[in-house]
Amino acid sequence: MPKVRMSPAWLAGLDAGENAEWIDSEQRGLVLRVRRRRMVWFVRYLYEGSARRYRIGAASEIGLSAARKLASSIRGRADGGQDPQQEKRGKREAARRRRMGETVHSALASWLKDKHNGPLAHWKGGLEGGSARAVMHHTKRLDKTLGKKLLSEITTKDLERFIGEAVAPATKNRCLGALRIFLGWAVRVGLIEKLPTVGIQRVHETPRTRVLSDDEIRILIREFDETRYGRALRLLFLTGLRRDEVLGMKWSWLDLDKGVLTIPPENDKVGRIRDEPRRAGLCPMAVTLLTEQRAALFAEGVSSEFVFATSTGGRPWDSLKPILYDLRGRRPSGKPGSQHRLAKKRVAVLPDDVTIHDIRRTVADSLFNRIGAQPWVVDHVVLGHARPKLLRTYMPTLPLKEAREMLQKWGEEIEKILSGAVGAQGQAL
């Protein structure tokens, strides 16, 4: 590599068609390289005993004088213990990360579209399955709350405040789990260096054992009967299914002639670990109710794959909550009613701690204590919890007939409750 005394005149007379490199004799380390008719400035330096080569820029954009000043500055930084080349790579990597997910909003969008590392690759049912319903509510709220903030600037304190907006301990823990899924992806694809959720602890959850009283059952059913989702609520009482399983139920899952509901794995909460289809028995009262629902949708002119479709034929998501909040004297959003003198006065007819999931617990408790059903039938057939592998192997057939008979007796008990013919302890008067 020849060393020459560079000057503007020398540069002007240089043949750009010849591939070569020259070293400036005036500024140590400054190199001019010609490749494919392009002239580029470089500077060479040593860092921790290793040779480095730093690209300054094109000679057509940076003159000789400016190139010498930049080379001197870069070598000075290297002598001072810095590595300009490593710093440049870091800035380039940071720019790449910003392009992929500059803000929380754009990072969430990239996460949802990622077919290799995102939810589309790992969740059964994709963005419509059970996993999505457990996570997407919290990520949408994250987008709304912190969407405009740079993902790299999100701190643990930001996430603690975000999680703290939830009231119930269970909701806080579900929110933390959703954040770990999204931010774990961000670490894997290089958008952030480490998880900002490190150090955030799960909140202690007190096991909830709340069951509904007969009066609360009566109020819930009667008040919901006045709405579009009265039959959906009644089906919850007649089956013990989860809310999402009822609201997301499709006609293709049902065999009304046999009284059997089969839930696909992607729509089953424990579908990932279950080695058998989730099959539930439908008692005659439940079959009649579903037949009435089909007739109601036909009369309304709604054609949909969903059993409890909205008026436009879509899937109802959290359609039961606004109704329940109203019965608890709250706004449809769940917030307390306004105290303004002109605001609508909301009268609570149910305690504030009543939830939709209490129905499922009430069904299980009533089947055991009122009807006398065997606990394992309630657990594995009615509630649909995943059975131990030994039971799946040696008792592969579920006793759906027995479950249907128990649920039918419970349905008759509900009719007594609605008519007021059952006392406080569930005894017929």
# chains A, B, ... in the order shown; residues from 1 in each chain; ligands from 1

call {"tool": "select_by_dssp", "arguments": {"residues": "range 117-272 of chain A", "states": "strand (DSSP E or B)", "output": "list of chain:residue names"}}
result
A:Leu150, A:Lys250, A:Leu254, A:Asp255, A:Val260, A:Leu261, A:Thr262, A:Ile263

call {"tool": "residues_around", "arguments": {"residues": "Thr139 in chain A", "least_positions_apart": "3", "cutoff": "10 Å", "atoms": "only C-alpha atoms", "output": "ChimeraX atom specification"}}
result
/A:104-105,108,132,134-136,142-145,147,175,178-179,181-182

call {"tool": "write_last_selection", "arguments": {"atoms": "N, CA and C atoms", "output": "short mmCIF file (atom, residue, chain, number, x, y, z; two decimals), in the first residue's frame"}}
result
data_model
loop_
_atom_site.label_atom_id
_atom_site.label_comp_id
_atom_site.auth_asym_id
_atom_site.auth_seq_id
_atom_site.Cartn_x
_atom_site.Cartn_y
_atom_site.Cartn_z
N VAL A 104 -43.76 1.32 21.39
CA VAL A 104 -44.49 0.15 21.87
C VAL A 104 -45.55 -0.25 20.86
N HIS A 105 -46.22 0.74 20.28
CA HIS A 105 -47.27 0.47 19.30
C HIS A 105 -46.73 -0.31 18.10
N LEU A 108 -45.60 -3.88 19.08
CA LEU A 108 -46.75 -4.78 19.21
C LEU A 108 -47.24 -5.25 17.84
N ALA A 132 -54.99 -16.17 22.99
CA ALA A 132 -55.12 -14.78 22.58
C ALA A 132 -56.12 -14.04 23.47
N ALA A 134 -56.73 -14.53 26.51
CA ALA A 134 -56.16 -14.30 27.83
C ALA A 134 -55.12 -13.19 27.81
N VAL A 135 -54.48 -12.95 26.66
CA VAL A 135 -53.35 -12.02 26.59
C VAL A 135 -53.71 -10.71 25.90
N MET A 136 -54.50 -10.77 24.84
CA MET A 136 -54.70 -9.61 23.98
C MET A 136 -55.34 -8.43 24.70
N LEU A 142 -52.00 -2.00 26.96
CA LEU A 142 -50.62 -1.50 26.94
C LEU A 142 -50.42 -0.55 25.77
N ASP A 143 -50.96 -0.91 24.61
CA ASP A 143 -50.86 -0.06 23.42
C ASP A 143 -51.55 1.28 23.67
N LYS A 144 -52.70 1.24 24.30
CA LYS A 144 -53.46 2.47 24.57
C LYS A 144 -52.75 3.35 25.60
N THR A 145 -52.11 2.73 26.59
CA THR A 145 -51.50 3.48 27.68
C THR A 145 -50.09 3.95 27.35
N GLY A 147 -48.41 3.19 24.21
CA GLY A 147 -48.12 2.93 22.80
C GLY A 147 -47.20 3.93 22.14
N CYS A 175 -51.98 -9.79 33.83
CA CYS A 175 -51.36 -8.67 33.10
C CYS A 175 -49.84 -8.84 33.07
N ALA A 178 -48.92 -11.49 30.57
CA ALA A 178 -49.02 -11.01 29.19
C ALA A 178 -47.82 -10.14 28.81
N LEU A 179 -47.39 -9.28 29.74
CA LEU A 179 -46.23 -8.43 29.47
C LEU A 179 -44.97 -9.27 29.27
N ILE A 181 -44.75 -12.25 28.07
CA ILE A 181 -44.80 -12.90 26.75
C ILE A 181 -44.35 -11.93 25.66
N PHE A 182 -44.91 -10.74 25.66
CA PHE A 182 -44.57 -9.75 24.63
C PHE A 182 -43.13 -9.28 24.75
#

call {"tool": "closest_residue", "arguments": {"among": "A:Lys157, A:Lys258, A:Arg328, A:Lys321", "to": "Lys401 in chain A", "atoms": "only C-alpha atoms"}}
result
A:Lys258

call {"tool": "residues_around", "arguments": {"residues": "Gly29 in chain A", "least_positions_apart": "6", "cutoff": "9 Å", "atoms": "only C-alpha atoms", "output": "list in words"}}
result
Ile23, Phe42, Val43, Arg44, Tyr45, Ala71, Ser72 and Arg75 of chain A

call {"tool": "closest_residue", "arguments": {"among": "A:Lys140, A:Arg330, A:Arg35, A:Arg231", "to": "Lys345 in chain A", "atoms": "only C-alpha atoms"}}
result
A:Arg330

call {"tool": "select_by_dssp", "arguments": {"residues": "range 82-232 of chain A", "states": "alpha helix (DSSP H)", "output": "PyMOL selection string"}}
result
chain A and resi 84-101+104-113+119-122+130-146+156-164+169-188+214-225+230-232

call {"tool": "closest_residue", "arguments": {"among": "A:Leu220, A:Ile263, A:Leu324, A:Val203", "to": "Arg242 in chain A", "atoms": "only C-alpha atoms"}}
result
A:Ile263

call {"tool": "residues_around", "arguments": {"residues": "Leu14 in chain A", "least_positions_apart": "5", "cutoff": "12 Å", "atoms": "only C-alpha atoms", "output": "list of chain:residue names"}}
result
A:Met6, A:Ser7, A:Pro8, A:Ala9, A:Asn19, A:Ala20, A:Glu21, A:Trp22, A:Leu32, A:Arg33, A:Val34, A:Arg37, A:Arg38, A:Met39, A:Ala59

call {"tool": "closest_atom_pairs", "arguments": {"of": "range 132-232 of chain A", "to": "range 273-293 of chain A", "cutoff": "12 Å", "atoms": "only C-alpha atoms", "output": "CSV"}}
result
residue,atom,partner,partner_atom,distance
A:Arg228,CA,A:Gln293,CA,10.3
A:Tyr229,CA,A:Gln293,CA,9.9
A:Gly230,CA,A:Gln293,CA,10.0
A:Arg231,CA,A:Leu289,CA,6.8
A:Ala232,CA,A:Gln293,CA,9.0

call {"tool": "write_last_selection", "arguments": {"atoms": "C-alpha atoms", "output": "PDB file, in the first residue's frame"}}
result
ATOM      1  CA  ARG A 228     -79.843 -10.258  24.294  1.00  0.00           C
ATOM      2  CA  TYR A 229     -77.668 -12.638  26.301  1.00  0.00           C
ATOM      3  CA  GLY A 230     -80.221 -14.154  28.623  1.00  0.00           C
ATOM      4  CA  ARG A 231     -79.889 -17.600  27.049  1.00  0.00           C
ATOM      5  CA  ALA A 232     -76.087 -17.398  27.194  1.00  0.00           C
TER       6      ALA A 232
END

call {"tool": "closest_residue", "arguments": {"among": "A:Val354, A:Ala348, A:Leu112, A:Leu46", "to": "Arg210 in chain A", "atoms": "only C-alpha atoms"}}
result
A:Val354
